[in-house]
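Peer 1: Coordinates in work_26.cif, mmCIF, C-alpha atoms and all ligand atoms, are listed below.
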data_query
loop_
_atom_site.label_atom_id
_atom_site.label_comp_id
_atom_site.auth_asym_id
_atom_site.auth_seq_id
_atom_site.Cartn_x
_atom_site.Cartn_y
_atom_site.Cartn_z
CA MET Y 1 -66.21 -24.19 -102.49
CA ARG Y 2 -65.10 -27.63 -101.41
CA TYR Y 3 -65.13 -28.57 -97.71
CA ARG Y 4 -63.02 -31.09 -95.85
CA GLU Y 5 -63.05 -32.88 -92.51
CA PHE Y 6 -60.98 -30.86 -90.08
CA GLY Y 7 -59.31 -33.75 -88.26
CA ASN Y 8 -61.42 -35.02 -85.38
CA THR Y 9 -62.91 -31.61 -84.58
CA GLY Y 10 -66.20 -32.54 -86.25
CA ILE Y 11 -65.95 -29.42 -88.39
CA LYS Y 12 -66.10 -29.20 -92.16
CA ILE Y 13 -63.59 -26.56 -93.12
CA SER Y 14 -63.44 -24.78 -96.47
CA ALA Y 15 -60.52 -25.96 -98.61
CA LEU Y 16 -59.47 -22.31 -98.88
CA GLY Y 17 -58.91 -20.29 -95.72
CA PHE Y 18 -58.57 -16.51 -95.51
CA GLY Y 19 -55.16 -15.49 -94.17
CA GLY Y 20 -55.44 -12.02 -92.65
CA MET Y 21 -51.76 -11.10 -92.68
CA ARG Y 22 -51.71 -9.44 -96.10
CA LEU Y 23 -54.85 -7.30 -95.97
CA PRO Y 24 -54.73 -4.10 -98.07
CA MET Y 25 -52.90 -1.23 -96.40
CA VAL Y 26 -53.04 2.57 -96.66
CA GLU Y 27 -50.61 5.20 -95.47
CA ARG Y 28 -51.75 7.92 -93.09
CA ASP Y 29 -49.28 10.53 -91.77
CA GLY Y 30 -46.41 8.38 -92.97
CA VAL Y 31 -47.63 5.33 -91.06
CA SER Y 32 -49.10 2.17 -92.61
CA HIS Y 33 -52.56 1.12 -91.48
CA ILE Y 34 -55.02 -1.49 -92.68
CA ASP Y 35 -57.41 -0.14 -95.30
CA GLU Y 36 -60.42 -1.02 -93.21
CA ASP Y 37 -63.20 -0.55 -95.76
CA LYS Y 38 -61.42 -2.48 -98.50
CA SER Y 39 -60.40 -5.25 -96.10
CA ILE Y 40 -63.88 -5.74 -94.68
CA GLN Y 41 -65.35 -5.83 -98.19
CA LEU Y 42 -62.77 -8.41 -99.24
CA LEU Y 43 -63.21 -10.61 -96.17
CA GLN Y 44 -67.00 -10.57 -96.38
CA ARG Y 45 -66.88 -11.36 -100.10
CA GLY Y 46 -64.72 -14.33 -99.17
CA PHE Y 47 -67.32 -15.46 -96.63
CA GLU Y 48 -70.06 -15.07 -99.25
CA LEU Y 49 -68.04 -17.28 -101.58
CA GLY Y 50 -67.95 -20.02 -98.95
CA ILE Y 51 -64.72 -19.44 -96.99
CA ASN Y 52 -65.48 -20.43 -93.41
CA TYR Y 53 -62.04 -20.11 -91.78
CA VAL Y 54 -60.25 -16.82 -91.16
CA ASP Y 55 -56.83 -16.56 -89.61
CA THR Y 56 -55.25 -13.65 -87.77
CA ALA Y 57 -52.69 -13.13 -84.98
CA TYR Y 58 -51.88 -10.79 -82.13
CA PHE Y 59 -48.88 -9.38 -84.01
CA TYR Y 60 -50.37 -8.90 -87.48
CA SER Y 61 -50.62 -5.40 -88.93
CA ASN Y 62 -49.14 -3.80 -85.80
CA GLY Y 63 -52.00 -5.13 -83.72
CA GLU Y 64 -54.77 -3.78 -86.00
CA ASN Y 65 -55.50 -7.03 -87.76
CA GLU Y 66 -57.68 -8.66 -85.12
CA ILE Y 67 -59.79 -5.52 -84.77
CA VAL Y 68 -60.54 -5.38 -88.50
CA ILE Y 69 -61.22 -9.12 -88.71
CA GLY Y 70 -63.63 -8.70 -85.78
CA LYS Y 71 -65.50 -5.98 -87.66
CA ALA Y 72 -65.70 -8.12 -90.79
CA LEU Y 73 -67.20 -10.94 -88.73
CA LYS Y 74 -70.27 -8.89 -87.81
CA GLY Y 75 -73.22 -10.82 -89.21
CA TRP Y 76 -71.00 -13.82 -90.04
CA ARG Y 77 -69.83 -15.07 -86.67
CA ASP Y 78 -72.09 -18.12 -86.62
CA ARG Y 79 -70.84 -19.27 -90.03
CA VAL Y 80 -67.11 -18.52 -89.86
CA TYR Y 81 -64.45 -20.14 -87.66
CA VAL Y 82 -61.96 -17.72 -86.15
CA SER Y 83 -58.33 -18.61 -85.75
CA THR Y 84 -55.87 -16.39 -83.93
CA LYS Y 85 -52.55 -16.80 -82.14
CA VAL Y 86 -51.20 -16.04 -78.71
CA PRO Y 87 -47.73 -14.43 -78.95
CA THR Y 88 -45.78 -17.40 -77.52
CA SER Y 89 -42.55 -15.39 -77.36
CA ARG Y 90 -44.18 -12.85 -75.04
CA ILE Y 91 -45.37 -15.38 -72.45
CA ARG Y 92 -43.02 -14.77 -69.53
CA CYS Y 93 -44.99 -16.12 -66.56
CA GLN Y 94 -48.15 -17.95 -65.56
CA GLY Y 95 -51.22 -15.87 -66.31
CA ASP Y 96 -49.77 -14.21 -69.45
CA TYR Y 97 -51.59 -16.66 -71.72
CA ARG Y 98 -54.93 -15.74 -70.17
CA ARG Y 99 -54.17 -12.01 -70.28
CA PHE Y 100 -53.43 -12.19 -74.01
CA LEU Y 101 -56.53 -14.29 -74.58
CA GLU Y 102 -58.78 -11.76 -72.84
CA GLU Y 103 -57.21 -8.91 -74.81
CA GLN Y 104 -57.67 -10.76 -78.11
CA LEU Y 105 -61.30 -11.58 -77.33
CA ARG Y 106 -61.87 -7.85 -76.75
CA LYS Y 107 -60.08 -6.84 -79.95
CA LEU Y 108 -61.96 -9.39 -82.02
CA ASP Y 109 -65.15 -8.50 -80.14
CA VAL Y 110 -66.17 -12.15 -79.84
CA ASP Y 111 -67.15 -14.38 -76.90
CA TYR Y 112 -64.91 -17.25 -77.94
CA ILE Y 113 -62.12 -18.13 -80.35
CA ASP Y 114 -62.50 -21.32 -82.37
CA PHE Y 115 -58.83 -22.12 -82.93
CA TYR Y 116 -56.37 -20.53 -80.52
CA HIS Y 117 -52.82 -21.15 -81.69
CA PHE Y 118 -49.48 -20.90 -79.99
CA HIS Y 119 -47.78 -18.62 -82.50
CA GLY Y 120 -44.63 -19.95 -84.18
CA LEU Y 121 -44.13 -22.81 -81.73
CA LYS Y 122 -40.77 -24.54 -81.81
CA GLN Y 123 -39.45 -27.46 -79.81
CA VAL Y 124 -37.49 -25.06 -77.64
CA SER Y 125 -40.43 -22.73 -76.96
CA TYR Y 126 -42.63 -25.72 -76.14
CA GLU Y 127 -40.11 -26.62 -73.46
CA ASN Y 128 -39.21 -23.11 -72.27
CA VAL Y 129 -42.67 -21.61 -72.36
CA VAL Y 130 -45.49 -24.17 -72.54
CA LEU Y 131 -43.92 -26.63 -70.09
CA GLU Y 132 -41.99 -24.12 -68.01
CA PHE Y 133 -45.01 -21.95 -67.14
CA ASN Y 134 -47.57 -24.74 -67.20
CA VAL Y 135 -49.42 -22.99 -70.02
CA ALA Y 136 -51.09 -26.22 -71.16
CA GLU Y 137 -53.14 -26.15 -67.98
CA GLU Y 138 -54.28 -22.58 -68.69
CA ALA Y 139 -55.17 -23.55 -72.26
CA LEU Y 140 -57.17 -26.57 -71.13
CA ARG Y 141 -58.99 -24.44 -68.56
CA ALA Y 142 -59.89 -21.86 -71.22
CA LYS Y 143 -61.19 -24.67 -73.38
CA GLN Y 144 -63.26 -26.10 -70.55
CA GLU Y 145 -64.77 -22.66 -69.99
CA GLY Y 146 -65.60 -22.44 -73.69
CA VAL Y 147 -63.63 -19.24 -74.41
CA ILE Y 148 -61.50 -21.23 -76.80
CA LYS Y 149 -62.85 -24.23 -78.68
CA HIS Y 150 -59.64 -25.87 -79.87
CA ILE Y 151 -55.96 -25.73 -78.91
CA SER Y 152 -53.69 -25.32 -81.92
CA PHE Y 153 -50.21 -24.24 -82.90
CA SER Y 154 -48.51 -22.60 -85.83
CA PHE Y 155 -45.08 -23.86 -86.56
CA HIS Y 156 -41.63 -22.90 -87.86
CA ASP Y 157 -39.09 -25.57 -87.00
CA THR Y 158 -37.79 -28.87 -88.32
CA PRO Y 159 -40.16 -31.67 -89.44
CA GLU Y 160 -38.82 -33.79 -86.55
CA ALA Y 161 -39.87 -31.10 -84.08
CA LEU Y 162 -43.28 -31.02 -85.73
CA ILE Y 163 -43.72 -34.74 -85.07
CA ASN Y 164 -42.62 -34.30 -81.44
CA LEU Y 165 -45.18 -31.52 -80.94
CA ILE Y 166 -47.93 -33.64 -82.52
CA ASP Y 167 -46.99 -36.46 -80.13
CA THR Y 168 -47.58 -34.29 -77.05
CA GLY Y 169 -51.30 -34.90 -77.68
CA LEU Y 170 -52.13 -31.34 -76.56
CA PHE Y 171 -53.06 -29.96 -79.96
CA GLU Y 172 -56.06 -30.54 -82.20
CA THR Y 173 -54.93 -28.62 -85.27
CA VAL Y 174 -51.67 -27.41 -86.74
CA LEU Y 175 -50.77 -24.60 -89.13
CA CYS Y 176 -47.50 -25.14 -90.99
CA GLN Y 177 -45.73 -24.39 -94.23
CA TYR Y 178 -46.03 -26.54 -97.31
CA ASN Y 179 -45.92 -25.81 -101.00
CA PHE Y 180 -44.62 -27.44 -104.12
CA LEU Y 181 -41.17 -25.95 -103.73
CA ASP Y 182 -40.89 -26.90 -100.09
CA ARG Y 183 -42.34 -30.30 -99.25
CA SER Y 184 -40.24 -30.81 -96.12
CA ASN Y 185 -43.31 -31.02 -93.86
CA GLU Y 186 -45.19 -33.48 -96.10
CA LYS Y 187 -44.58 -36.56 -93.94
CA ALA Y 188 -45.31 -34.70 -90.71
CA ILE Y 189 -48.58 -33.43 -92.21
CA ALA Y 190 -49.56 -37.03 -93.03
CA TYR Y 191 -48.61 -38.01 -89.48
CA ALA Y 192 -50.76 -35.23 -87.99
CA ARG Y 193 -53.69 -36.33 -90.13
CA ALA Y 194 -53.25 -39.97 -89.09
CA LYS Y 195 -53.35 -38.81 -85.46
CA GLY Y 196 -56.70 -37.14 -86.08
CA MET Y 197 -55.44 -33.57 -86.25
CA GLY Y 198 -56.71 -30.88 -88.58
CA THR Y 199 -54.00 -29.53 -90.87
CA VAL Y 200 -53.86 -26.02 -92.29
CA VAL Y 201 -51.13 -25.05 -94.70
CA MET Y 202 -49.74 -21.57 -95.03
CA GLY Y 203 -47.85 -20.19 -97.98
CA PRO Y 204 -49.48 -22.47 -100.56
CA VAL Y 205 -48.20 -20.10 -103.23
CA GLY Y 206 -44.93 -19.30 -101.49
CA GLY Y 207 -46.01 -16.03 -99.91
CA GLY Y 208 -46.67 -14.56 -103.34
CA ARG Y 209 -43.14 -15.37 -104.43
CA LEU Y 210 -44.42 -17.90 -106.93
CA ALA Y 211 -46.62 -15.37 -108.64
CA VAL Y 212 -44.18 -14.96 -111.51
CA PRO Y 213 -45.46 -14.48 -115.05
CA SER Y 214 -47.39 -17.60 -116.04
CA ASP Y 215 -45.40 -18.12 -119.23
CA VAL Y 216 -42.29 -18.56 -117.10
CA MET Y 217 -44.09 -21.04 -114.89
CA GLN Y 218 -45.51 -22.87 -117.89
CA ARG Y 219 -42.00 -23.42 -119.15
CA LEU Y 220 -41.33 -25.14 -115.85
CA VAL Y 221 -44.43 -27.28 -115.56
CA ASN Y 222 -45.00 -27.66 -119.28
CA ARG Y 223 -48.78 -27.60 -118.81
CA LYS Y 224 -51.53 -25.21 -119.72
CA VAL Y 225 -52.50 -23.54 -116.49
CA ARG Y 226 -54.17 -20.22 -116.07
CA SER Y 227 -51.69 -18.96 -113.52
CA THR Y 228 -48.82 -19.94 -111.27
CA PRO Y 229 -50.95 -19.56 -108.13
CA GLU Y 230 -53.43 -21.99 -109.69
CA ILE Y 231 -50.96 -24.82 -110.07
CA ALA Y 232 -49.42 -24.04 -106.67
CA LEU Y 233 -52.79 -24.13 -104.91
CA ARG Y 234 -53.92 -27.24 -106.80
CA PHE Y 235 -50.74 -28.97 -105.77
CA VAL Y 236 -51.37 -28.27 -102.07
CA LEU Y 237 -55.05 -29.23 -102.22
CA GLY Y 238 -54.15 -32.34 -104.20
CA ASN Y 239 -52.67 -33.63 -100.94
CA ARG Y 240 -55.63 -35.20 -99.13
CA ASN Y 241 -53.85 -34.84 -95.78
CA VAL Y 242 -54.23 -31.08 -96.03
CA SER Y 243 -57.53 -29.86 -94.59
CA CYS Y 244 -57.24 -26.25 -95.68
CA ALA Y 245 -54.86 -23.99 -97.61
CA LEU Y 246 -54.55 -20.55 -96.11
CA SER Y 247 -53.94 -17.75 -98.54
CA GLY Y 248 -53.18 -14.13 -97.64
CA MET Y 249 -55.35 -12.33 -100.18
CA ASN Y 250 -55.40 -8.60 -100.77
CA THR Y 251 -57.35 -8.08 -103.98
CA MET Y 252 -60.76 -9.21 -105.23
CA GLU Y 253 -59.13 -10.80 -108.30
CA MET Y 254 -56.81 -12.90 -106.15
CA LEU Y 255 -59.71 -13.92 -103.92
CA GLU Y 256 -61.98 -14.92 -106.79
CA GLU Y 257 -59.20 -16.81 -108.57
CA ASN Y 258 -58.31 -18.76 -105.42
CA VAL Y 259 -61.99 -19.56 -104.75
CA ARG Y 260 -62.31 -20.81 -108.33
CA VAL Y 261 -59.35 -23.15 -107.89
CA ALA Y 262 -60.47 -24.34 -104.43
CA SER Y 263 -63.88 -25.16 -105.91
CA MET Y 264 -62.56 -27.32 -108.77
CA ASP Y 265 -63.82 -30.87 -108.65
CA GLU Y 266 -61.06 -32.58 -110.52
CA GLU Y 267 -57.87 -33.64 -108.80
CA LEU Y 268 -54.51 -33.10 -110.42
CA MET Y 269 -53.80 -35.71 -113.09
CA PRO Y 270 -50.79 -38.01 -112.54
CA GLU Y 271 -48.92 -36.38 -115.42
CA GLU Y 272 -49.49 -32.97 -113.85
CA TRP Y 273 -47.93 -34.22 -110.63
CA GLU Y 274 -45.04 -35.57 -112.65
CA ASP Y 275 -44.49 -32.22 -114.33
CA ILE Y 276 -44.49 -30.57 -110.97
CA ALA Y 277 -41.96 -33.08 -109.66
CA VAL Y 278 -39.69 -32.12 -112.57
CA ALA Y 279 -40.21 -28.46 -111.72
CA ILE Y 280 -39.29 -29.17 -108.12
CA GLU Y 281 -36.05 -30.79 -109.24
CA GLU Y 282 -35.28 -27.79 -111.38
CA ASN Y 283 -36.04 -25.54 -108.46
CA LYS Y 284 -33.94 -27.35 -105.89
CA LYS Y 285 -31.55 -24.46 -105.71
CA LEU Y 286 -34.38 -22.50 -104.13
CA ALA Y 287 -34.27 -24.53 -100.95
CA GLU Y 288 -31.23 -22.50 -99.98
CA LEU Y 289 -33.17 -19.29 -100.30
CA TYR Y 290 -36.64 -20.16 -99.16
CA CYS Y 291 -37.80 -16.68 -98.22
CA THR Y 292 -41.55 -16.52 -97.64
CA GLY Y 293 -41.63 -12.71 -97.49
CA CYS Y 294 -42.91 -12.85 -93.89
CA ASN Y 295 -40.94 -9.71 -92.96
CA TYR Y 296 -40.00 -10.97 -89.50
CA CYS Y 297 -36.37 -10.01 -90.19
CA MET Y 298 -37.33 -6.39 -90.78
CA PRO Y 299 -36.64 -3.59 -90.15
CA CYS Y 300 -32.94 -3.57 -90.96
CA PRO Y 301 -31.13 -0.68 -89.22
CA ARG Y 302 -29.42 0.16 -92.57
CA GLY Y 303 -32.68 0.18 -94.52
CA VAL Y 304 -31.97 -2.99 -96.52
CA ASP Y 305 -35.20 -4.52 -97.79
CA ILE Y 306 -34.29 -8.16 -97.20
CA PRO Y 307 -37.39 -9.89 -98.66
CA LEU Y 308 -37.34 -7.67 -101.73
CA ASN Y 309 -33.72 -8.57 -102.44
CA PHE Y 310 -34.49 -12.26 -102.05
CA ARG Y 311 -37.51 -12.07 -104.32
CA LEU Y 312 -35.38 -10.54 -107.05
CA MET Y 313 -32.59 -13.04 -106.38
CA ASN Y 314 -35.06 -15.90 -106.83
CA TYR Y 315 -36.26 -14.47 -110.13
CA HIS Y 316 -32.66 -14.75 -111.27
CA LYS Y 317 -31.60 -17.93 -109.51
CA VAL Y 318 -34.73 -20.04 -109.77
CA TYR Y 319 -36.72 -18.78 -112.71
CA GLY Y 320 -33.83 -17.59 -114.84
CA ILE Y 321 -35.38 -14.19 -115.53
CA THR Y 322 -32.08 -12.51 -114.80
CA GLU Y 323 -32.48 -9.41 -116.98
CA TYR Y 324 -35.77 -8.59 -115.32
CA ALA Y 325 -34.27 -9.12 -111.86
CA GLN Y 326 -31.27 -6.91 -112.66
CA ARG Y 327 -33.49 -4.21 -114.10
CA GLU Y 328 -35.69 -4.15 -111.00
CA TYR Y 329 -32.60 -4.08 -108.78
CA GLY Y 330 -31.22 -1.20 -110.84
CA LYS Y 331 -34.46 0.76 -110.43
CA LEU Y 332 -33.77 0.95 -106.70
CA LEU Y 333 -31.00 3.46 -107.43
CA ALA Y 334 -33.68 6.03 -108.32
CA THR Y 335 -33.80 7.69 -104.90
CA GLU Y 336 -31.66 7.78 -101.80
CA GLU Y 337 -34.36 6.02 -99.83
CA SER Y 338 -34.80 3.17 -102.31
CA SER Y 339 -31.02 2.85 -102.83
CA ALA Y 340 -30.69 1.93 -99.17
CA LYS Y 341 -32.84 -1.13 -99.85
CA ARG Y 342 -30.15 -2.74 -102.01
CA ALA Y 343 -28.29 -5.78 -100.72
CA GLU Y 344 -24.85 -4.16 -100.83
CA ASN Y 345 -25.80 -1.85 -97.94
CA CYS Y 346 -25.78 -4.73 -95.49
CA VAL Y 347 -23.06 -4.17 -92.87
CA GLU Y 348 -23.40 -7.74 -91.57
CA CYS Y 349 -24.55 -6.86 -88.07
CA GLY Y 350 -26.52 -10.14 -88.02
CA ARG Y 351 -29.59 -8.78 -86.22
CA CYS Y 352 -31.95 -10.05 -88.89
CA GLU Y 353 -30.73 -13.65 -88.90
CA THR Y 354 -31.93 -14.48 -85.39
CA LYS Y 355 -35.46 -13.46 -86.42
CA CYS Y 356 -35.77 -15.51 -89.61
CA PRO Y 357 -38.05 -18.55 -89.14
CA GLN Y 358 -36.52 -20.14 -92.25
CA GLN Y 359 -33.02 -19.89 -90.77
CA ILE Y 360 -31.75 -18.25 -93.93
CA GLU Y 361 -28.13 -17.16 -93.87
CA ILE Y 362 -29.24 -13.65 -94.72
CA ARG Y 363 -25.81 -12.01 -94.72
CA ARG Y 364 -24.30 -14.55 -97.08
CA GLN Y 365 -27.34 -14.53 -99.36
CA LEU Y 366 -27.35 -10.74 -99.53
CA LYS Y 367 -23.70 -10.76 -100.60
CA GLU Y 368 -24.56 -13.19 -103.38
CA THR Y 369 -27.53 -11.06 -104.39
CA ALA Y 370 -25.39 -7.93 -104.64
CA LYS Y 371 -22.88 -9.82 -106.75
CA ALA Y 372 -25.47 -11.36 -109.09
CA LEU Y 373 -27.74 -8.37 -109.58
CA GLY Y 374 -25.51 -5.34 -108.97
S1 LIG F 401 -27.14 -8.20 -91.21
FE1 LIG F 401 -27.38 -6.73 -92.88
S2 LIG F 401 -29.48 -6.97 -93.54
FE2 LIG F 401 -29.33 -7.93 -91.55
S3 LIG F 401 -29.98 -6.32 -90.14
FE3 LIG F 401 -27.74 -6.23 -90.28
S4 LIG F 401 -27.33 -4.74 -91.89
FE4 LIG F 401 -29.47 -5.34 -92.05
S1 LIG F 402 -35.46 -13.54 -94.85
FE1 LIG F 402 -36.53 -14.84 -93.39
S2 LIG F 402 -37.52 -13.43 -91.95
FE2 LIG F 402 -36.92 -12.24 -93.73
S3 LIG F 402 -38.72 -12.21 -95.02
FE3 LIG F 402 -37.47 -13.93 -95.71
S4 LIG F 402 -38.23 -15.71 -94.57
FE4 LIG F 402 -39.02 -13.88 -93.54
#
Let's see the structure in the file written out as structure tokens.

Peer 2:
Amino acid sequence: MRYREFGNTGIKISALGFGGMRLPMVERDGVSHIDEDKSIQLLQRGFELGINYVDTAYFYSNGENEIVIGKALKGWRDRVYVSTKVPTSRIRCQGDYRRFLEEQLRKLDVDYIDFYHFHGLKQVSYENVVLEFNVAEEALRAKQEGVIKHISFSFHDTPEALINLIDTGLFETVLCQYNFLDRSNEKAIAYARAKGMGTVVMGPVGGGRLAVPSDVMQRLVNRKVRSTPEIALRFVLGNRNVSCALSGMNTMEMLEENVRVASMDEELMPEEWEDIAVAIEENKKLAELYCTGCNYCMPCPRGVDIPLNFRLMNYHKVYGITEYAQREYGKLLATEESSAKRAENCVECGRCETKCPQQIEIRRQLKETAKALG
């Protein structure tokens, strides 16, 4: 594993971080739960392989995520940095920040949190929450007391807003999106680094969306790579302003492959970067449908599976594997339940659009999906 300076925190962070949001799940009595045994095994294997940064959040896995991460940390706490996130949108008055913090410390079963993020901070929530309820003061007090070590934020807004938030001087590290199909935050990441902040990138492989068959990807990048996630991860880590790439891993194979790539000594060669630049040009159309599969838009009252539709649409639109996309879309007709997932069932109520951090015009894109794949 390679390690990098984490801004001015004095910490050496592993180039690969463990994102907790996609831990393996099981169904019990019709309800999805984290598969605790598998998840703990996976997380601890990651720690053994040198990952020293694990990321969770109050909201993940219906509130179970922090508990399972806490269990996995037993015996590892002194070697692994814990990152979690206060639910910014639920802070309604002074004191809420501290109440969430206490609850999260209990769930994680730890005495302190290394990196305590404001979850999904935007310019508007910085003004309406952080400033409005004087939350910065509470955060600084918690830091002084040692219950949090660093004040951080995760981010879904424009690159300009990212620069404004960096300029507040409140934060020591930032978690934002960046991958080779979406480089919009690249300058802001460099800016954060220049200001001495640690930078963690989420979605280095596009929330799994880039994990298309490698022969398809090889046509795009025209290089011999073992897998699409490999080139995607190498691209992100090739940017020296990135301290750590966070990957939501849910199988041993995925974990070991990502560790292998994050441990490679050699940087990307200039011609590899060039190939990727060509691929980015070819993939420009994707910018319109940059769905990370985060699921924030779900559930849809009509049962439409929005991220699934967009994944299939991208197979068609971006990678040109239209027959495959149409076949998969057709398979959804198999049962009444799966039929409801298809894009044409959208009644355009608009509820999902307000929840999408990527500001995707979901209704319009679903119409196009139904037309292209139906
Ligand atoms: S706009 Fe369509 S997809 Fe979105 S919640 Fe309403 S019915 Fe579901
Ligand atoms: S449409 Fe938006 S909210 Fe829904 S999964 Fe995609 S990125 Fe997330």

Peer 1: Please provide the set of residues having any atom within 10 Å of Y:Leu165, restricted to only C-alpha atoms, with same-chain residues fewer than 5 positions apart removed, written as an MDAnalysis selection string.

Peer 2: chainID Y and resid 121:123 126 153 155 159:160 170:171 174 192

Peer 1: Per residue of chain Y within 12 Å of ligand LIG 401 (chain F), which atom pair is closest and at what distance in Å (one decimal), using only C-alpha atoms and all ligand atoms, listed by chain and increasing number, as a Markdown table?

Peer 2:
| residue | atom | partner | partner_atom | distance |
| --- | --- | --- | --- | --- |
| Y:Asn295 | CA | F:LIG401 | S2 | 11.8 |
| Y:Tyr296 | CA | F:LIG401 | S3 | 11.1 |
| Y:Cys297 | CA | F:LIG401 | S3 | 7.4 |
| Y:Met298 | CA | F:LIG401 | S3 | 7.4 |
| Y:Pro299 | CA | F:LIG401 | S3 | 7.2 |
| Y:Cys300 | CA | F:LIG401 | FE4 | 4.0 |
| Y:Pro301 | CA | F:LIG401 | FE4 | 5.7 |
| Y:Arg302 | CA | F:LIG401 | S4 | 5.4 |
| Y:Gly303 | CA | F:LIG401 | FE4 | 6.8 |
| Y:Val304 | CA | F:LIG401 | S2 | 5.6 |
| Y:Asp305 | CA | F:LIG401 | S2 | 7.5 |
| Y:Ile306 | CA | F:LIG401 | S2 | 6.2 |
| Y:Pro307 | CA | F:LIG401 | S2 | 9.9 |
| Y:Leu308 | CA | F:LIG401 | S2 | 11.4 |
| Y:Asn309 | CA | F:LIG401 | S2 | 10.0 |
| Y:Phe310 | CA | F:LIG401 | S2 | 11.2 |
| Y:Ala340 | CA | F:LIG401 | FE4 | 10.2 |
| Y:Lys341 | CA | F:LIG401 | S2 | 9.2 |
| Y:Arg342 | CA | F:LIG401 | S2 | 9.5 |
| Y:Ala343 | CA | F:LIG401 | S2 | 7.4 |
| Y:Glu344 | CA | F:LIG401 | FE1 | 8.7 |
| Y:Asn345 | CA | F:LIG401 | S4 | 6.9 |
| Y:Cys346 | CA | F:LIG401 | FE1 | 3.7 |
| Y:Val347 | CA | F:LIG401 | S4 | 4.4 |
| Y:Glu348 | CA | F:LIG401 | S1 | 3.8 |
| Y:Cys349 | CA | F:LIG401 | FE3 | 3.9 |
| Y:Gly350 | CA | F:LIG401 | S1 | 3.8 |
| Y:Arg351 | CA | F:LIG401 | S3 | 4.6 |
| Y:Cys352 | CA | F:LIG401 | FE2 | 4.3 |
| Y:Glu353 | CA | F:LIG401 | FE2 | 6.5 |
| Y:Thr354 | CA | F:LIG401 | FE2 | 9.4 |
| Y:Lys355 | CA | F:LIG401 | FE2 | 9.7 |
| Y:Cys356 | CA | F:LIG401 | FE2 | 10.1 |
| Y:Ile360 | CA | F:LIG401 | FE2 | 10.9 |
| Y:Glu361 | CA | F:LIG401 | S1 | 9.4 |
| Y:Ile362 | CA | F:LIG401 | FE2 | 6.5 |
| Y:Arg363 | CA | F:LIG401 | S1 | 5.3 |
| Y:Arg364 | CA | F:LIG401 | S1 | 9.1 |
| Y:Gln365 | CA | F:LIG401 | S2 | 9.8 |
| Y:Leu366 | CA | F:LIG401 | S2 | 7.4 |
| Y:Lys367 | CA | F:LIG401 | FE1 | 9.5 |
| Y:Thr369 | CA | F:LIG401 | S2 | 11.8 |
| Y:Ala370 | CA | F:LIG401 | S2 | 11.9 |

Peer 1: Mind pulling up the distance from atom CA of Y:Leu23 to atom CA of Y:Leu43?

Peer 2: 9.0 Å

Peer 1: With all atoms listed in the file as the basis for distance, which of Y:Leu373, Y:Ala245, Y:Gly203, Y:Asn62 is at the shortest distance from ligand LIG 402 (chain F)?

Peer 2: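 Checking each of Y:Leu373, Y:Ala245, Y:Gly203, Y:Asn62 against ligand LIG 402 (chain F), counting all atoms listed in the file, the winner is Y:Gly203.
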
Peer 1: Around the point (-38.4, -17.2, -96.0) in the file's coordinates, collect all residues with an atom within 8 Å, using all atoms listed in the file, and return them as a list of chain:residue names.

Peer 2: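 Result, sorted by chain then residue number: Y:Leu289, Y:Tyr290, Y:Cys291, Y:Thr292, Y:Gly293, Y:Cys294, Y:Pro307, Y:Cys356, Y:Pro357, Y:Gln358, Y:Gln359, Y:Ile360.
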
Peer 1: By how many Å are atom CA of Y:Val129 and atom CA of Y:Arg98 apart?

Peer 2: 13.8 Å

Peer 1: Would you compute, for all listed atoms of ligand LIG 402 (chain F), the axis-aligned bounding box grown by 4 Å on each side, and then report its centre and edge lengths in Å rounded to one decimal, as lines of an AutoDock Vina configuration file?

Peer 2:
center_x = -37.2
center_y = -14.0
center_z = -93.8
size_x = 11.6
size_y = 11.5
size_z = 11.8

Peer 1: Within 12 Å of Y:Tyr191, counting only C-alpha atoms, which residues show up once you throw out same-chain ones fewer than 6 positions away? Write them as a list in words, please.

Peer 2: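 Contacts, in chain order: Gly7, Pro159, Glu160, Leu162, Ile163, Asn164, Leu165, Ile166, Asp167, Val174, Asn185, Met197, Gly198, Thr199, Asn241 and Val242 of chain Y.
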
Peer 1: Print the selection's residues with C-alpha atoms to a file, as a PDB file, keeping the file's coordinate frame.

Peer 2:
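Result went into out-v1.pdb, see below:
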ATOM      1  CA  GLY Y   7     -59.310 -33.750 -88.260  1.00  0.00           C
ATOM      2  CA  PRO Y 159     -40.160 -31.670 -89.440  1.00  0.00           C
ATOM      3  CA  GLU Y 160     -38.820 -33.790 -86.550  1.00  0.00           C
ATOM      4  CA  LEU Y 162     -43.280 -31.020 -85.730  1.00  0.00           C
ATOM      5  CA  ILE Y 163     -43.720 -34.740 -85.070  1.00  0.00           C
ATOM      6  CA  ASN Y 164     -42.620 -34.300 -81.440  1.00  0.00           C
ATOM      7  CA  LEU Y 165     -45.180 -31.520 -80.940  1.00  0.00           C
ATOM      8  CA  ILE Y 166     -47.930 -33.640 -82.520  1.00  0.00           C
ATOM      9  CA  ASP Y 167     -46.990 -36.460 -80.130  1.00  0.00           C
ATOM     10  CA  VAL Y 174     -51.670 -27.410 -86.740  1.00  0.00           C
ATOM     11  CA  ASN Y 185     -43.310 -31.020 -93.860  1.00  0.00           C
ATOM     12  CA  MET Y 197     -55.440 -33.570 -86.250  1.00  0.00           C
ATOM     13  CA  GLY Y 198     -56.710 -30.880 -88.580  1.00  0.00           C
ATOM     14  CA  THR Y 199     -54.000 -29.530 -90.870  1.00  0.00           C
ATOM     15  CA  ASN Y 241     -53.850 -34.840 -95.780  1.00  0.00           C
ATOM     16  CA  VAL Y 242     -54.230 -31.080 -96.030  1.00  0.00           C
TER      17      VAL Y 242
END
